[in-house]
$ cat structure_1.txt   # compact mmCIF, C-alpha atoms
# COMPACT_ATOMS: atom_id res chain seq x y z
CA MET A 1084 -7.80 -18.89 12.53
CA ALA A 1085 -8.59 -22.50 13.49
CA SER A 1086 -12.08 -22.23 11.99
CA PHE A 1087 -10.84 -21.07 8.60
CA ASP A 1088 -10.26 -23.83 6.04
CA PHE A 1089 -7.01 -22.78 4.34
CA ALA A 1090 -6.82 -25.99 2.30
CA GLN A 1091 -10.24 -25.37 0.80
CA PHE A 1092 -9.43 -21.70 0.25
CA GLN A 1093 -6.27 -22.67 -1.67
CA LEU A 1094 -8.33 -24.95 -3.91
CA GLU A 1095 -10.80 -22.12 -4.56
CA ILE A 1096 -8.01 -19.73 -5.54
CA GLN A 1097 -6.45 -22.41 -7.75
CA LYS A 1098 -9.77 -22.97 -9.51
CA ARG A 1099 -10.33 -19.25 -10.07
CA PHE A 1100 -7.01 -18.80 -11.84
CA SER A 1101 -7.11 -22.05 -13.79
CA LEU A 1102 -10.58 -21.15 -15.13
CA SER A 1103 -9.54 -17.57 -15.90
CA ALA A 1104 -6.73 -18.84 -18.11
CA SER A 1105 -8.13 -22.12 -19.42
CA ALA A 1106 -9.83 -20.88 -22.60
CA THR A 1107 -7.94 -17.91 -24.01
CA VAL A 1108 -4.97 -16.42 -22.23
CA ASP A 1109 -6.04 -12.89 -21.39
CA ILE A 1110 -3.41 -11.16 -19.27
CA VAL A 1111 -5.74 -8.25 -18.51
CA GLN A 1112 -8.31 -10.70 -17.13
CA LEU A 1113 -5.71 -12.53 -15.07
CA LEU A 1114 -4.41 -9.26 -13.62
CA SER A 1115 -7.97 -8.25 -12.80
CA GLU A 1116 -8.46 -11.58 -11.01
CA LEU A 1117 -5.28 -10.98 -9.01
CA GLU A 1118 -6.54 -7.53 -8.01
CA THR A 1119 -9.84 -9.07 -6.91
CA VAL A 1120 -8.00 -11.64 -4.81
CA HIS A 1121 -6.08 -8.83 -3.08
CA SER A 1122 -9.37 -7.12 -2.29
CA ASP A 1123 -10.95 -10.36 -1.05
CA ALA A 1124 -7.96 -10.98 1.21
CA ASP A 1125 -8.29 -7.50 2.72
CA SER A 1126 -11.94 -8.24 3.49
CA LEU A 1127 -11.06 -11.58 5.09
CA LEU A 1128 -8.49 -9.88 7.29
CA GLU A 1129 -11.07 -7.33 8.40
CA GLN A 1130 -13.52 -10.10 9.24
CA GLN A 1131 -11.01 -12.15 11.20
CA THR A 1132 -9.88 -9.16 13.29
CA ASP A 1133 -13.22 -7.30 13.44
CA GLY A 1134 -11.35 -4.45 11.80
CA ASP A 1135 -8.97 -4.05 14.76
CA ARG A 1136 -5.34 -4.21 13.67
CA SER A 1137 -4.13 -1.64 16.18
CA LEU A 1138 -1.51 -3.95 17.67
CA LEU A 1139 0.44 -4.10 14.42
CA ALA A 1140 3.49 -1.84 14.36
CA CYS A 1141 3.95 -1.94 10.58
CA ALA A 1142 3.46 1.51 9.05
CA PRO A 1143 4.47 3.56 5.99
CA GLY A 1144 8.21 4.10 6.03
CA CYS A 1145 8.90 0.98 8.11
CA GLN A 1146 11.48 -0.96 6.12
CA ASP A 1147 13.40 -3.27 8.43
CA CYS A 1148 12.18 -6.42 6.68
CA CYS A 1149 12.84 -5.01 3.20
CA VAL A 1150 16.29 -6.63 3.03
CA VAL A 1151 15.17 -10.17 2.24
CA ASN A 1152 14.77 -12.16 -0.95
CA VAL A 1153 11.15 -11.92 -2.11
CA SER A 1154 9.67 -14.58 -4.38
CA ILE A 1155 6.91 -13.63 -6.81
CA THR A 1156 5.02 -15.36 -9.59
CA LEU A 1157 5.39 -14.10 -13.13
CA LEU A 1158 1.77 -12.90 -12.95
CA GLU A 1159 2.63 -10.73 -9.92
CA GLY A 1160 5.60 -9.43 -11.89
CA LEU A 1161 3.30 -8.41 -14.73
CA SER A 1162 1.05 -6.60 -12.25
CA ILE A 1163 4.01 -4.64 -10.91
CA LEU A 1164 5.20 -3.96 -14.46
CA GLN A 1165 1.81 -2.53 -15.40
CA PHE A 1166 1.88 -0.29 -12.33
CA LEU A 1167 5.41 0.98 -13.01
CA ARG A 1168 4.50 1.92 -16.58
CA GLN A 1169 2.12 4.51 -15.15
CA LEU A 1170 5.01 6.41 -13.55
CA ASP A 1171 6.65 9.38 -15.20
CA SER A 1172 9.79 8.73 -17.23
CA VAL A 1173 12.10 10.25 -14.62
CA GLY A 1174 10.73 8.10 -11.82
CA LEU A 1175 10.86 4.96 -13.94
CA THR A 1176 14.45 5.68 -15.00
CA GLN A 1177 15.45 6.00 -11.34
CA ILE A 1178 13.82 2.69 -10.46
CA ILE A 1179 15.54 0.92 -13.36
CA ALA A 1180 18.90 2.28 -12.17
CA ARG A 1181 18.23 1.08 -8.61
CA LEU A 1182 17.19 -2.34 -9.90
CA ASP A 1183 20.39 -2.64 -11.94
CA THR A 1184 22.54 -1.74 -8.93
CA LEU A 1185 20.70 -3.98 -6.49
CA TRP A 1186 20.56 -6.97 -8.83
CA ARG A 1187 24.30 -6.70 -9.49
CA ASP A 1188 24.89 -6.88 -5.72
CA VAL A 1189 22.40 -9.57 -4.66
CA ARG A 1190 21.94 -11.93 -7.62
CA GLY A 1191 22.84 -15.45 -6.57
CA LEU A 1192 22.79 -14.70 -2.83
CA ASP A 1193 20.83 -17.08 -0.62
CA ASP A 1194 18.42 -15.74 2.00
CA ASP A 1195 20.99 -15.38 4.79
CA GLU A 1196 23.56 -13.78 2.49
CA ARG A 1197 20.97 -11.33 1.21
CA MET A 1198 20.06 -10.22 4.73
CA MET A 1199 23.72 -9.97 5.66
CA SER A 1200 24.28 -7.60 2.75
CA ARG A 1201 21.67 -5.21 4.25
CA ARG A 1202 20.74 -4.02 0.75
CA LYS A 1203 17.33 -2.39 0.75
CA CYS A 1204 14.62 -3.16 -1.78
CA ALA A 1205 14.89 -1.14 -4.99
CA PHE A 1206 11.25 -0.09 -4.67
CA LEU A 1207 11.77 2.00 -1.54
CA ASP A 1208 11.89 5.75 -2.01
CA GLU A 1209 14.08 8.20 -0.07
CA GLN A 1210 11.67 8.14 2.89
CA GLY A 1211 11.53 4.35 2.95
CA TYR A 1212 8.03 4.22 1.46
CA CYS A 1213 7.14 1.35 -0.89
CA ILE A 1214 6.64 2.76 -4.38
CA ILE A 1215 4.72 -0.33 -5.53
CA TYR A 1216 2.64 -0.72 -2.35
CA PRO A 1217 -0.75 -1.07 -4.12
CA VAL A 1218 0.62 -4.04 -6.12
CA ARG A 1219 3.20 -5.31 -3.63
CA PRO A 1220 3.93 -9.06 -3.73
CA LEU A 1221 1.84 -11.57 -1.81
CA PHE A 1222 4.80 -12.51 0.37
CA CYS A 1223 5.28 -8.85 1.31
CA ARG A 1224 1.60 -8.68 2.24
CA SER A 1225 1.98 -11.72 4.48
CA VAL A 1226 4.51 -10.14 6.83
CA SER A 1227 3.52 -8.17 9.92
CA SER A 1228 4.99 -7.29 13.32
CA THR A 1229 3.65 -6.03 16.63
CA ASP A 1230 6.96 -4.52 17.69
CA VAL A 1231 9.44 -2.61 15.52
CA GLU A 1232 12.43 -3.32 17.73
CA LEU A 1233 11.70 -7.04 17.93
CA CYS A 1234 11.36 -7.14 14.16
CA ARG A 1235 14.64 -5.29 13.68
CA GLY A 1236 16.38 -7.53 16.21
CA ALA A 1237 15.10 -10.69 14.55
CA ILE A 1238 16.43 -9.63 11.16
CA THR A 1239 19.81 -8.74 12.65
CA GLY A 1240 19.92 -11.88 14.77
CA GLN A 1241 19.22 -14.19 11.85
CA VAL A 1242 22.32 -12.85 10.11
CA PHE A 1243 24.37 -14.15 13.05
CA GLY A 1244 22.51 -17.43 13.34
CA GLU A 1245 20.32 -16.33 16.25
CA LEU A 1246 16.63 -17.21 16.17
CA ARG A 1247 14.61 -14.42 17.72
CA PRO A 1248 10.81 -14.57 17.70
CA VAL A 1249 8.68 -11.93 16.04
CA MET A 1250 5.06 -11.59 17.05
CA MET A 1251 3.11 -11.66 13.80
CA HIS A 1252 -0.49 -11.77 12.65
CA GLN A 1253 -0.69 -15.51 12.02
CA PHE A 1254 -3.91 -15.44 10.01
CA GLN A 1255 -2.43 -12.79 7.70
CA LEU A 1256 0.75 -14.82 7.27
CA GLN A 1257 -1.06 -18.04 6.42
CA LEU A 1258 -3.66 -16.31 4.27
CA TYR A 1259 -1.22 -14.80 1.80
CA LYS A 1260 0.97 -17.89 1.69
CA THR A 1261 -2.15 -19.87 0.81
CA ILE A 1262 -3.09 -17.38 -1.92
CA PHE A 1263 0.42 -17.55 -3.37
CA LEU A 1264 0.24 -21.34 -3.63
CA GLY A 1265 -3.28 -21.21 -5.05
CA VAL A 1266 -2.33 -18.70 -7.73
CA ALA A 1267 0.79 -20.66 -8.71
CA ASP A 1268 -1.09 -23.97 -8.85
CA GLY A 1269 -3.94 -22.43 -10.85
CA LEU A 1270 -1.58 -21.01 -13.44
CA GLU A 1271 0.24 -24.32 -13.75
CA GLN A 1272 -3.06 -26.18 -14.09
CA ALA A 1273 -3.97 -23.88 -16.99
CA GLY A 1274 -0.65 -24.60 -18.69
CA LEU A 1275 0.89 -21.25 -17.78
CA ASP A 1276 4.06 -20.36 -15.90
CA GLY A 1277 3.37 -20.60 -12.18
CA ARG A 1278 7.00 -20.67 -11.08
CA SER A 1279 8.44 -18.15 -8.66
CA PHE A 1280 11.27 -15.70 -9.35
CA GLN A 1281 13.19 -13.17 -7.30
CA LEU A 1282 11.36 -9.84 -7.27
CA CYS A 1283 14.29 -7.62 -8.25
CA GLY A 1284 15.63 -9.83 -11.03
CA LEU A 1285 12.24 -10.50 -12.61
CA ILE A 1286 11.05 -6.88 -12.71
CA ARG A 1287 14.41 -5.73 -14.04
CA TYR A 1288 14.14 -8.28 -16.84
CA LEU A 1289 10.55 -7.37 -17.72
CA LEU A 1290 11.38 -3.66 -17.89
CA ASN A 1291 14.33 -4.35 -20.16
CA HIS A 1292 12.40 -6.74 -22.44
CA PRO A 1293 9.03 -5.13 -23.19
CA GLY A 1294 6.37 -6.85 -25.25
CA GLN A 1295 7.19 -10.41 -24.19
CA GLU A 1296 4.63 -10.76 -21.42
CA LYS A 1297 2.25 -13.23 -23.06
CA ARG A 1298 5.02 -15.36 -24.53
CA LEU A 1299 6.77 -15.66 -21.18
CA LEU A 1300 3.56 -16.56 -19.39
CA THR A 1301 2.45 -19.18 -21.92
CA GLU A 1302 5.77 -20.77 -22.85
CA SER A 1303 7.40 -20.92 -19.38
CA SER A 1304 10.65 -20.13 -21.15
CA LEU A 1305 12.20 -17.70 -18.68
CA SER A 1306 15.30 -19.10 -16.96
CA TRP A 1307 17.80 -18.04 -14.33
CA ASN A 1308 20.37 -17.44 -17.05
CA ASP A 1309 18.00 -14.91 -18.64
CA LEU A 1310 17.74 -12.94 -15.41
CA TYR A 1311 21.38 -13.09 -14.37
CA PRO A 1312 23.16 -10.63 -16.75
$ encode --input "structure_1.txt" --output "structure tokens"
Amino acid sequence: MASFDFAQFQLEIQKRFSLSASATVDIVQLLSELETVHSDADSLLEQQTDGDRSLLACAPGCQDCCVVNVSITLLEGLSILQFLRQLDSVGLTQIIARLDTLWRDVRGLDDDERMMSRRKCAFLDEQGYCIIYPVRPLFCRSVSSTDVELCRGAITGQVFGELRPVMMHQFQLQLYKTIFLGVADGLEQAGLDGRSFQLCGLIRYLLNHPGQEKRLLTESSLSWNDLYP
């Protein structure tokens, strides 16, 4: 990890998104760029680990960390929105209902309060699988663990003010945090909304207010008060 220049990589990501949006705002192009960045990050992870990620305990159905506040950019929200619109009407109705219930319970909670509530992410199905996994947020992609029990204990311990270490893939953690900052900075540089929002509240709002995607991205008009109700 020491040989990888994260600062330079962040500048490259920033430039890619600022150039993609600088002329004409094309949401399809921006979403395509985000998808490419996800693919590039996967390749970088493979290169840094020589393809060996066998020590990681994270697996489908593992959901111990899915009780935290997750910040996403509006562009990530639009990517998730596009993915959800491909679901059948029954599945989408169920997700909207779960988002309504979860947002009612966790809106306004800080990180510790959210974990203490033990409320699972609205995008987990009955088996604990992530419904939006292909387009999951950058911060979700950053998290890893080499031990399920240590991960579970750390989450529980933090609720009670206990700091317990979790062995994580440090390159993966720093890589996706760097991408998040690069994307946000690039959007801001292009005059678009690069702010972060809570995952649940933002997706709930976008599903309930269709057709406003470009306006929200270009005008940076979305506020906490809009998400709260």
$ atom_distance --input "structure_1.txt" --atom1 "atom CA of A:Ala1142" --atom2 "atom CA of A:Thr1156"
25.2 Å
$ closest_atom_pairs --input "structure_1.txt" --of "stretch 1097-1131 of chain A" --to "stretch 1296-1312 of chain A" --cutoff "12 Å" --atoms "only C-alpha atoms" --output "JSON lines"
{"residue": "A:Ala1104", "atom": "CA", "partner": "A:Thr1301", "partner_atom": "CA", "distance": 9.9}
{"residue": "A:Ser1105", "atom": "CA", "partner": "A:Thr1301", "partner_atom": "CA", "distance": 11.3}
{"residue": "A:Thr1107", "atom": "CA", "partner": "A:Thr1301", "partner_atom": "CA", "distance": 10.7}
{"residue": "A:Val1108", "atom": "CA", "partner": "A:Thr1301", "partner_atom": "CA", "distance": 7.9}
{"residue": "A:Asp1109", "atom": "CA", "partner": "A:Lys1297", "partner_atom": "CA", "distance": 8.5}
{"residue": "A:Ile1110", "atom": "CA", "partner": "A:Lys1297", "partner_atom": "CA", "distance": 7.1}
{"residue": "A:Val1111", "atom": "CA", "partner": "A:Lys1297", "partner_atom": "CA", "distance": 10.5}
{"residue": "A:Leu1113", "atom": "CA", "partner": "A:Leu1300", "partner_atom": "CA", "distance": 11.0}
$ residues_around --input "structure_1.txt" --residues "A:Ile1286" --least-positions-apart "6" --cutoff "9 Å" --atoms "all atoms listed in the file" --output "PyMOL selection string"
chain A and resi 1160-1161+1163-1164+1182
$ atom_distance --input "structure_1.txt" --atom1 "atom CA of A:Ser1279" --atom2 "atom CA of A:Ile1155"
5.1 Å
$ atom_distance --input "structure_1.txt" --atom1 "atom CA of A:Val1266" --atom2 "atom CA of A:Ser1122"
14.6 Å
$ residues_around --input "structure_1.txt" --residues "A:Thr1119" --least-positions-apart "3" --cutoff "12 Å" --atoms "all atoms listed in the file" --output "ChimeraX atom specification"
/A:1096,1099-1100,1112-1116,1122-1126,1218,1262
$ write_last_selection --input "structure_1.txt" --atoms "C-alpha atoms" --output "PDB file, in the coordinates of the input"
ATOM      1  CA  ILE A1096      -8.010 -19.730  -5.540  1.00  0.00           C
ATOM      2  CA  ARG A1099     -10.330 -19.250 -10.070  1.00  0.00           C
ATOM      3  CA  PHE A1100      -7.010 -18.800 -11.840  1.00  0.00           C
ATOM      4  CA  GLN A1112      -8.310 -10.700 -17.130  1.00  0.00           C
ATOM      5  CA  LEU A1113      -5.710 -12.530 -15.070  1.00  0.00           C
ATOM      6  CA  LEU A1114      -4.410  -9.260 -13.620  1.00  0.00           C
ATOM      7  CA  SER A1115      -7.970  -8.250 -12.800  1.00  0.00           C
ATOM      8  CA  GLU A1116      -8.460 -11.580 -11.010  1.00  0.00           C
ATOM      9  CA  SER A1122      -9.370  -7.120  -2.290  1.00  0.00           C
ATOM     10  CA  ASP A1123     -10.950 -10.360  -1.050  1.00  0.00           C
ATOM     11  CA  ALA A1124      -7.960 -10.980   1.210  1.00  0.00           C
ATOM     12  CA  ASP A1125      -8.290  -7.500   2.720  1.00  0.00           C
ATOM     13  CA  SER A1126     -11.940  -8.240   3.490  1.00  0.00           C
ATOM     14  CA  VAL A1218       0.620  -4.040  -6.120  1.00  0.00           C
ATOM     15  CA  ILE A1262      -3.090 -17.380  -1.920  1.00  0.00           C
TER      16      ILE A1262
END
$ axis_aligned_box --input "structure_1.txt" --around "stretch 1102-1112 of chain A" --padding-each-side "3 Å" --output "AutoDock Vina command-line options"
--center_x -7.0 --center_y -15.2 --center_z -19.6 --size_x 13.2 --size_y 19.9 --size_z 14.9
$ closest_residue --input "structure_1.txt" --among "A:Leu1275, A:Cys1149, A:Cys1283, A:Met1251" --to "A:Val1226" --atoms "only C-alpha atoms"
A:Met1251
$ closest_residue --input "structure_1.txt" --among "A:Ala1140, A:Val1173, A:Cys1213, A:Val1189" --to "A:Asn1152" --atoms "all atoms listed in the file"
A:Val1189
$ decode --input "structure_1.txt" --residues "stretch 1252-1265 of chain A" --atoms "C-alpha atoms" --output "tab-separated table (two decimals), in the first residue's frame"
chain	number	residue	atom	x	y	z
A	1252	HIS	CA	-7.93	-4.79	4.28
A	1253	GLN	CA	-6.25	-1.39	4.61
A	1254	PHE	CA	-5.65	-0.85	0.89
A	1255	GLN	CA	-9.33	-1.53	0.18
A	1256	LEU	CA	-10.40	0.86	2.93
A	1257	GLN	CA	-8.17	3.70	1.73
A	1258	LEU	CA	-8.89	3.05	-1.94
A	1259	TYR	CA	-12.64	3.54	-1.72
A	1260	LYS	CA	-12.38	6.48	0.66
A	1261	THR	CA	-10.05	8.11	-1.87
A	1262	ILE	CA	-12.49	7.41	-4.72
A	1263	PHE	CA	-15.36	8.89	-2.71
A	1264	LEU	CA	-13.43	12.12	-2.14
A	1265	GLY	CA	-12.31	12.25	-5.76
